[in-house]
Amino acid sequence: MYYGIAASLADTLGAKKIFGGHIRHDGQVFGDAKRSYLMKISKLAGIPFSFPFIGLGKKDIIRVGSKLGVPFQHCWSCSRDGKKHCWNCKSCREREMGFREAGVKDPLKHV
């Protein structure tokens, strides 16, 4: 559904490509996040899709982001609604593990 909306918006704006943020793990958990499925949606939408991180795991992305100066304190990971991360849901635990495995301090855990 989201890529259908993105394709419609891209058409309106005259965009030439749609970028998505899926990572390697997503395709293992969600059938509609597998590269093969996403490429079929791209073909149906009639616009190229690009997923630059689809072959990378969280720790790899965190390492790259750290080198690029990504402001991780502004990156939301929690699956629950709230003003702060809960640190109990699966997404929060995966974030915590990704930072630990990357050897990078998570600025949200060190506030």
# chains A, B, ... in the order shown; residues from 1 in each chain; ligands from 1

$ select_by_dssp --residues "chain A" --states "helix (DSSP H, G or I)" --output "ChimeraX atom specification"
/A:2-13,24-29,31-33,35-45,58-68,72-74,90-102

$ select_by_dssp --residues "stretch 1-80 of chain A" --states "strand (DSSP E or B)" --output "short mmCIF file (atom, residue, chain, number, x, y, z; two decimals) with N, CA and C atoms, in the first residue's frame"
data_model
loop_
_atom_site.label_atom_id
_atom_site.label_comp_id
_atom_site.auth_asym_id
_atom_site.auth_seq_id
_atom_site.Cartn_x
_atom_site.Cartn_y
_atom_site.Cartn_z
N ILE A 18 11.95 5.70 -6.69
CA ILE A 18 11.47 5.65 -5.30
C ILE A 18 12.49 4.88 -4.48
N PHE A 19 12.88 5.46 -3.36
CA PHE A 19 13.82 4.80 -2.46
C PHE A 19 13.09 4.28 -1.24
N PHE A 49 12.33 1.22 -8.25
CA PHE A 49 12.49 1.29 -6.80
C PHE A 49 13.95 0.97 -6.49
N SER A 50 14.48 1.59 -5.46
CA SER A 50 15.84 1.30 -5.01
C SER A 50 15.84 1.09 -3.50
#

$ residues_around --residues "A:His25" --least-positions-apart "3" --cutoff "7 Å" --atoms "only C-alpha atoms" --output "list in words"
Gln28, Val29 and Gly57 of chain A

$ residues_around --residues "A:Arg35" --least-positions-apart "5" --cutoff "9 Å" --atoms "only C-alpha atoms" --output "PyMOL selection string"
chain A and resi 27+40+51+54

$ write_last_selection --atoms "N, CA and C atoms" --output "compact mmCIF listing (two decimals), in the first residue's frame"
# COMPACT_ATOMS: atom_id res chain seq x y z
N GLY A 27 12.95 -8.81 5.04
CA GLY A 27 12.44 -9.84 4.14
C GLY A 27 12.26 -11.19 4.81
N LYS A 40 8.63 -6.72 -8.07
CA LYS A 40 7.36 -6.91 -8.79
C LYS A 40 6.47 -5.68 -8.62
N PHE A 51 16.53 0.06 -3.08
CA PHE A 51 16.62 -0.28 -1.66
C PHE A 51 18.10 -0.44 -1.30
N ILE A 54 19.07 -3.05 1.56
CA ILE A 54 18.38 -4.34 1.63
C ILE A 54 19.33 -5.52 1.85

$ closest_residue --among "A:Met1, A:Ala102, A:Ala6, A:Leu56" --to "A:Asp32" --atoms "only C-alpha atoms"
A:Met1

$ atom_distance --atom1 "atom CA of A:Gly98" --atom2 "atom CA of A:Arg63"
9.3 Å

$ atom_distance --atom1 "atom CA of A:Ile23" --atom2 "atom CA of A:Gly55"
6.3 Å

$ residues_around --residues "A:His22" --least-positions-apart "2" --cutoff "8 Å" --atoms "only C-alpha atoms" --output "PyMOL selection string"
chain A and resi 20+24+26+33+51+53-54

$ closest_residue --among "A:Val70, A:Ile62, A:Cys75, A:Ala45" --to "A:Arg100" --atoms "only C-alpha atoms"
A:Ile62

$ residues_around --residues "A:Arg80" --least-positions-apart "4" --cutoff "12 Å" --atoms "only C-alpha atoms" --output "number ranges by chain"
A: 76, 84-92

$ write_last_selection --atoms "C-alpha atoms" --output "mmCIF file, in the first residue's frame"
data_model
loop_
_atom_site.group_PDB
_atom_site.id
_atom_site.type_symbol
_atom_site.label_atom_id
_atom_site.label_comp_id
_atom_site.auth_asym_id
_atom_site.auth_seq_id
_atom_site.Cartn_x
_atom_site.Cartn_y
_atom_site.Cartn_z
ATOM 1 C CA TRP A 76 12.603 6.353 15.823
ATOM 2 C CA LYS A 84 10.126 7.854 24.321
ATOM 3 C CA HIS A 85 11.267 4.408 23.228
ATOM 4 C CA CYS A 86 9.870 1.679 25.479
ATOM 5 C CA TRP A 87 13.007 -0.532 25.169
ATOM 6 C CA ASN A 88 10.787 -3.610 25.588
ATOM 7 C CA CYS A 89 9.237 -4.149 22.158
ATOM 8 C CA LYS A 90 10.953 -6.207 19.470
ATOM 9 C CA SER A 91 11.975 -3.122 17.492
ATOM 10 C CA CYS A 92 13.607 -1.493 20.509
#

$ residues_around --residues "A:Phe72" --least-positions-apart "2" --cutoff "12 Å" --atoms "only C-alpha atoms" --output "PyMOL selection string"
chain A and resi 61-70+74-77+95+99+104-110

$ write_last_selection --atoms "N, CA and C atoms" --output "compact mmCIF listing (two decimals), in the first residue's frame"
# COMPACT_ATOMS: atom_id res chain seq x y z
N ILE A 61 24.40 -1.04 9.04
CA ILE A 61 23.79 0.26 8.76
C ILE A 61 24.17 1.27 9.84
N ILE A 62 24.20 0.83 11.08
CA ILE A 62 24.59 1.71 12.19
C ILE A 62 26.04 2.13 12.03
N ARG A 63 26.90 1.23 11.62
CA ARG A 63 28.31 1.58 11.40
C ARG A 63 28.45 2.62 10.29
N VAL A 64 27.75 2.41 9.18
CA VAL A 64 27.78 3.37 8.07
C VAL A 64 27.22 4.71 8.54
N GLY A 65 26.08 4.66 9.22
CA GLY A 65 25.46 5.89 9.71
C GLY A 65 26.37 6.64 10.68
N SER A 66 27.06 5.91 11.51
CA SER A 66 27.97 6.53 12.47
C SER A 66 29.09 7.26 11.74
N LYS A 67 29.64 6.64 10.71
CA LYS A 67 30.71 7.27 9.91
C LYS A 67 30.20 8.51 9.18
N LEU A 68 28.92 8.49 8.79
CA LEU A 68 28.33 9.62 8.06
C LEU A 68 27.78 10.71 8.98
N GLY A 69 27.79 10.46 10.28
CA GLY A 69 27.29 11.45 11.23
C GLY A 69 25.78 11.51 11.34
N VAL A 70 25.12 10.38 11.11
CA VAL A 70 23.66 10.33 11.22
C VAL A 70 23.24 10.69 12.65
N HIS A 74 17.58 11.16 16.65
CA HIS A 74 16.32 11.54 16.00
C HIS A 74 15.69 10.39 15.21
N CYS A 75 16.28 9.21 15.30
CA CYS A 75 15.76 8.05 14.57
C CYS A 75 14.83 7.25 15.48
N TRP A 76 13.61 7.06 15.03
CA TRP A 76 12.60 6.35 15.82
C TRP A 76 12.58 4.88 15.46
N SER A 77 12.64 4.02 16.46
CA SER A 77 12.63 2.57 16.24
C SER A 77 11.46 1.87 16.92
N ARG A 95 17.07 -2.63 17.92
CA ARG A 95 17.90 -1.42 17.87
C ARG A 95 19.05 -1.53 18.86
N PHE A 99 23.11 -1.59 17.82
CA PHE A 99 24.13 -0.67 18.32
C PHE A 99 25.22 -1.42 19.07
N VAL A 104 28.76 0.86 18.69
CA VAL A 104 28.45 2.28 18.67
C VAL A 104 27.49 2.57 19.82
N LYS A 105 27.72 3.65 20.54
CA LYS A 105 26.81 4.05 21.62
C LYS A 105 25.54 4.62 21.02
N ASP A 106 24.41 4.14 21.50
CA ASP A 106 23.12 4.67 21.08
C ASP A 106 22.84 5.91 21.89
N PRO A 107 22.74 7.07 21.24
CA PRO A 107 22.54 8.32 21.98
C PRO A 107 21.23 8.34 22.78
N LEU A 108 20.27 7.52 22.39
CA LEU A 108 19.02 7.48 23.17
C LEU A 108 19.17 6.70 24.46
N LYS A 109 20.14 5.82 24.52
CA LYS A 109 20.37 5.02 25.73
C LYS A 109 21.34 5.72 26.67
N HIS A 110 21.97 6.77 26.19
CA HIS A 110 23.00 7.45 26.97
C HIS A 110 22.66 8.93 27.15

$ decode --residues "stretch 39-86 of chain A" --atoms "N, CA and C atoms" --output "PDB file, in the first residue's frame"
ATOM      1  N   MET A  39      10.461  -5.833  -6.191  1.00  0.00           N
ATOM      2  CA  MET A  39      10.754  -5.586  -7.604  1.00  0.00           C
ATOM      3  C   MET A  39       9.500  -5.787  -8.468  1.00  0.00           C
ATOM      4  N   LYS A  40       8.632  -6.724  -8.069  1.00  0.00           N
ATOM      5  CA  LYS A  40       7.363  -6.909  -8.791  1.00  0.00           C
ATOM      6  C   LYS A  40       6.471  -5.681  -8.623  1.00  0.00           C
ATOM      7  N   ILE A  41       6.446  -5.139  -7.421  1.00  0.00           N
ATOM      8  CA  ILE A  41       5.656  -3.925  -7.167  1.00  0.00           C
ATOM      9  C   ILE A  41       6.214  -2.768  -7.989  1.00  0.00           C
ATOM     10  N   SER A  42       7.535  -2.672  -8.062  1.00  0.00           N
ATOM     11  CA  SER A  42       8.175  -1.626  -8.856  1.00  0.00           C
ATOM     12  C   SER A  42       7.751  -1.726 -10.319  1.00  0.00           C
ATOM     13  N   LYS A  43       7.737  -2.940 -10.833  1.00  0.00           N
ATOM     14  CA  LYS A  43       7.342  -3.151 -12.232  1.00  0.00           C
ATOM     15  C   LYS A  43       5.878  -2.749 -12.446  1.00  0.00           C
ATOM     16  N   LEU A  44       5.017  -3.147 -11.511  1.00  0.00           N
ATOM     17  CA  LEU A  44       3.596  -2.788 -11.612  1.00  0.00           C
ATOM     18  C   LEU A  44       3.393  -1.278 -11.531  1.00  0.00           C
ATOM     19  N   ALA A  45       4.179  -0.628 -10.682  1.00  0.00           N
ATOM     20  CA  ALA A  45       4.040   0.815 -10.488  1.00  0.00           C
ATOM     21  C   ALA A  45       4.601   1.599 -11.670  1.00  0.00           C
ATOM     22  N   GLY A  46       5.482   0.959 -12.440  1.00  0.00           N
ATOM     23  CA  GLY A  46       6.047   1.629 -13.604  1.00  0.00           C
ATOM     24  C   GLY A  46       7.124   2.644 -13.277  1.00  0.00           C
ATOM     25  N   ILE A  47       7.737   2.507 -12.101  1.00  0.00           N
ATOM     26  CA  ILE A  47       8.823   3.402 -11.693  1.00  0.00           C
ATOM     27  C   ILE A  47       9.861   2.562 -10.953  1.00  0.00           C
ATOM     28  N   PRO A  48      11.149   2.815 -11.191  1.00  0.00           N
ATOM     29  CA  PRO A  48      12.177   2.028 -10.499  1.00  0.00           C
ATOM     30  C   PRO A  48      12.167   2.274  -8.990  1.00  0.00           C
ATOM     31  N   PHE A  49      12.331   1.217  -8.247  1.00  0.00           N
ATOM     32  CA  PHE A  49      12.494   1.291  -6.797  1.00  0.00           C
ATOM     33  C   PHE A  49      13.947   0.969  -6.487  1.00  0.00           C
ATOM     34  N   SER A  50      14.479   1.585  -5.459  1.00  0.00           N
ATOM     35  CA  SER A  50      15.841   1.304  -5.014  1.00  0.00           C
ATOM     36  C   SER A  50      15.837   1.090  -3.504  1.00  0.00           C
ATOM     37  N   PHE A  51      16.535   0.058  -3.082  1.00  0.00           N
ATOM     38  CA  PHE A  51      16.621  -0.281  -1.661  1.00  0.00           C
ATOM     39  C   PHE A  51      18.099  -0.442  -1.304  1.00  0.00           C
ATOM     40  N   PRO A  52      18.783   0.676  -1.053  1.00  0.00           N
ATOM     41  CA  PRO A  52      20.230   0.622  -0.868  1.00  0.00           C
ATOM     42  C   PRO A  52      20.701  -0.180   0.337  1.00  0.00           C
ATOM     43  N   PHE A  53      19.828  -0.428   1.306  1.00  0.00           N
ATOM     44  CA  PHE A  53      20.243  -1.140   2.511  1.00  0.00           C
ATOM     45  C   PHE A  53      19.731  -2.574   2.589  1.00  0.00           C
ATOM     46  N   ILE A  54      19.074  -3.048   1.557  1.00  0.00           N
ATOM     47  CA  ILE A  54      18.384  -4.336   1.628  1.00  0.00           C
ATOM     48  C   ILE A  54      19.333  -5.516   1.850  1.00  0.00           C
ATOM     49  N   GLY A  55      20.588  -5.359   1.535  1.00  0.00           N
ATOM     50  CA  GLY A  55      21.556  -6.429   1.756  1.00  0.00           C
ATOM     51  C   GLY A  55      22.320  -6.295   3.057  1.00  0.00           C
ATOM     52  N   LEU A  56      21.997  -5.274   3.845  1.00  0.00           N
ATOM     53  CA  LEU A  56      22.737  -5.010   5.076  1.00  0.00           C
ATOM     54  C   LEU A  56      21.906  -5.302   6.319  1.00  0.00           C
ATOM     55  N   GLY A  57      22.593  -5.655   7.385  1.00  0.00           N
ATOM     56  CA  GLY A  57      21.954  -5.843   8.680  1.00  0.00           C
ATOM     57  C   GLY A  57      22.017  -4.551   9.489  1.00  0.00           C
ATOM     58  N   LYS A  58      21.342  -4.535  10.629  1.00  0.00           N
ATOM     59  CA  LYS A  58      21.288  -3.327  11.461  1.00  0.00           C
ATOM     60  C   LYS A  58      22.677  -2.839  11.866  1.00  0.00           C
ATOM     61  N   LYS A  59      23.533  -3.760  12.310  1.00  0.00           N
ATOM     62  CA  LYS A  59      24.853  -3.322  12.779  1.00  0.00           C
ATOM     63  C   LYS A  59      25.644  -2.668  11.651  1.00  0.00           C
ATOM     64  N   ASP A  60      25.509  -3.192  10.433  1.00  0.00           N
ATOM     65  CA  ASP A  60      26.217  -2.608   9.285  1.00  0.00           C
ATOM     66  C   ASP A  60      25.706  -1.209   8.983  1.00  0.00           C
ATOM     67  N   ILE A  61      24.399  -1.041   9.040  1.00  0.00           N
ATOM     68  CA  ILE A  61      23.787   0.261   8.764  1.00  0.00           C
ATOM     69  C   ILE A  61      24.168   1.265   9.843  1.00  0.00           C
ATOM     70  N   ILE A  62      24.198   0.825  11.084  1.00  0.00           N
ATOM     71  CA  ILE A  62      24.590   1.708  12.188  1.00  0.00           C
ATOM     72  C   ILE A  62      26.045   2.134  12.029  1.00  0.00           C
ATOM     73  N   ARG A  63      26.904   1.225  11.623  1.00  0.00           N
ATOM     74  CA  ARG A  63      28.313   1.577  11.396  1.00  0.00           C
ATOM     75  C   ARG A  63      28.446   2.617  10.289  1.00  0.00           C
ATOM     76  N   VAL A  64      27.746   2.407   9.178  1.00  0.00           N
ATOM     77  CA  VAL A  64      27.784   3.367   8.070  1.00  0.00           C
ATOM     78  C   VAL A  64      27.221   4.713   8.539  1.00  0.00           C
ATOM     79  N   GLY A  65      26.080   4.664   9.217  1.00  0.00           N
ATOM     80  CA  GLY A  65      25.464   5.891   9.713  1.00  0.00           C
ATOM     81  C   GLY A  65      26.365   6.642  10.679  1.00  0.00           C
ATOM     82  N   SER A  66      27.056   5.911  11.514  1.00  0.00           N
ATOM     83  CA  SER A  66      27.970   6.534  12.473  1.00  0.00           C
ATOM     84  C   SER A  66      29.095   7.262  11.738  1.00  0.00           C
ATOM     85  N   LYS A  67      29.638   6.644  10.708  1.00  0.00           N
ATOM     86  CA  LYS A  67      30.708   7.271   9.912  1.00  0.00           C
ATOM     87  C   LYS A  67      30.196   8.511   9.182  1.00  0.00           C
ATOM     88  N   LEU A  68      28.925   8.495   8.789  1.00  0.00           N
ATOM     89  CA  LEU A  68      28.332   9.623   8.060  1.00  0.00           C
ATOM     90  C   LEU A  68      27.776  10.711   8.977  1.00  0.00           C
ATOM     91  N   GLY A  69      27.788  10.461  10.283  1.00  0.00           N
ATOM     92  CA  GLY A  69      27.288  11.453  11.227  1.00  0.00           C
ATOM     93  C   GLY A  69      25.775  11.509  11.339  1.00  0.00           C
ATOM     94  N   VAL A  70      25.117  10.377  11.106  1.00  0.00           N
ATOM     95  CA  VAL A  70      23.656  10.333  11.216  1.00  0.00           C
ATOM     96  C   VAL A  70      23.241  10.694  12.650  1.00  0.00           C
ATOM     97  N   PRO A  71      22.283  11.592  12.813  1.00  0.00           N
ATOM     98  CA  PRO A  71      21.818  11.954  14.157  1.00  0.00           C
ATOM     99  C   PRO A  71      20.862  10.876  14.701  1.00  0.00           C
ATOM    100  N   PHE A  72      21.423   9.795  15.190  1.00  0.00           N
ATOM    101  CA  PHE A  72      20.623   8.660  15.649  1.00  0.00           C
ATOM    102  C   PHE A  72      19.659   9.026  16.771  1.00  0.00           C
ATOM    103  N   GLN A  73      19.907  10.106  17.464  1.00  0.00           N
ATOM    104  CA  GLN A  73      18.990  10.513  18.529  1.00  0.00           C
ATOM    105  C   GLN A  73      17.639  10.929  17.959  1.00  0.00           C
ATOM    106  N   HIS A  74      17.579  11.157  16.649  1.00  0.00           N
ATOM    107  CA  HIS A  74      16.325  11.541  16.003  1.00  0.00           C
ATOM    108  C   HIS A  74      15.692  10.388  15.211  1.00  0.00           C
ATOM    109  N   CYS A  75      16.276   9.213  15.297  1.00  0.00           N
ATOM    110  CA  CYS A  75      15.764   8.046  14.569  1.00  0.00           C
ATOM    111  C   CYS A  75      14.834   7.251  15.479  1.00  0.00           C
ATOM    112  N   TRP A  76      13.613   7.056  15.033  1.00  0.00           N
ATOM    113  CA  TRP A  76      12.603   6.353  15.823  1.00  0.00           C
ATOM    114  C   TRP A  76      12.583   4.882  15.460  1.00  0.00           C
ATOM    115  N   SER A  77      12.637   4.015  16.463  1.00  0.00           N
ATOM    116  CA  SER A  77      12.626   2.573  16.245  1.00  0.00           C
ATOM    117  C   SER A  77      11.462   1.870  16.924  1.00  0.00           C
ATOM    118  N   CYS A  78      10.927   2.454  17.957  1.00  0.00           N
ATOM    119  CA  CYS A  78       9.923   1.798  18.797  1.00  0.00           C
ATOM    120  C   CYS A  78       8.625   1.511  18.046  1.00  0.00           C
ATOM    121  N   SER A  79       8.063   0.333  18.299  1.00  0.00           N
ATOM    122  CA  SER A  79       6.791  -0.060  17.684  1.00  0.00           C
ATOM    123  C   SER A  79       5.592   0.472  18.450  1.00  0.00           C
ATOM    124  N   ARG A  80       5.834   0.951  19.640  1.00  0.00           N
ATOM    125  CA  ARG A  80       4.738   1.440  20.472  1.00  0.00           C
ATOM    126  C   ARG A  80       4.609   2.946  20.359  1.00  0.00           C
ATOM    127  N   ASP A  81       3.443   3.434  20.689  1.00  0.00           N
ATOM    128  CA  ASP A  81       3.178   4.858  20.650  1.00  0.00           C
ATOM    129  C   ASP A  81       3.640   5.481  21.961  1.00  0.00           C
ATOM    130  N   GLY A  82       4.359   6.543  21.871  1.00  0.00           N
ATOM    131  CA  GLY A  82       4.818   7.226  23.071  1.00  0.00           C
ATOM    132  C   GLY A  82       5.802   8.316  22.722  1.00  0.00           C
ATOM    133  N   LYS A  83       6.219   9.043  23.734  1.00  0.00           N
ATOM    134  CA  LYS A  83       7.182  10.122  23.512  1.00  0.00           C
ATOM    135  C   LYS A  83       8.613   9.621  23.586  1.00  0.00           C
ATOM    136  N   LYS A  84       8.805   8.448  24.192  1.00  0.00           N
ATOM    137  CA  LYS A  84      10.126   7.854  24.321  1.00  0.00           C
ATOM    138  C   LYS A  84      10.061   6.390  23.899  1.00  0.00           C
ATOM    139  N   HIS A  85      11.197   5.838  23.541  1.00  0.00           N
ATOM    140  CA  HIS A  85      11.267   4.408  23.228  1.00  0.00           C
ATOM    141  C   HIS A  85      10.940   3.607  24.495  1.00  0.00           C
ATOM    142  N   CYS A  86      10.251   2.503  24.326  1.00  0.00           N
ATOM    143  CA  CYS A  86       9.870   1.679  25.479  1.00  0.00           C
ATOM    144  C   CYS A  86      11.005   0.756  25.910  1.00  0.00           C
TER     145      CYS A  86
END
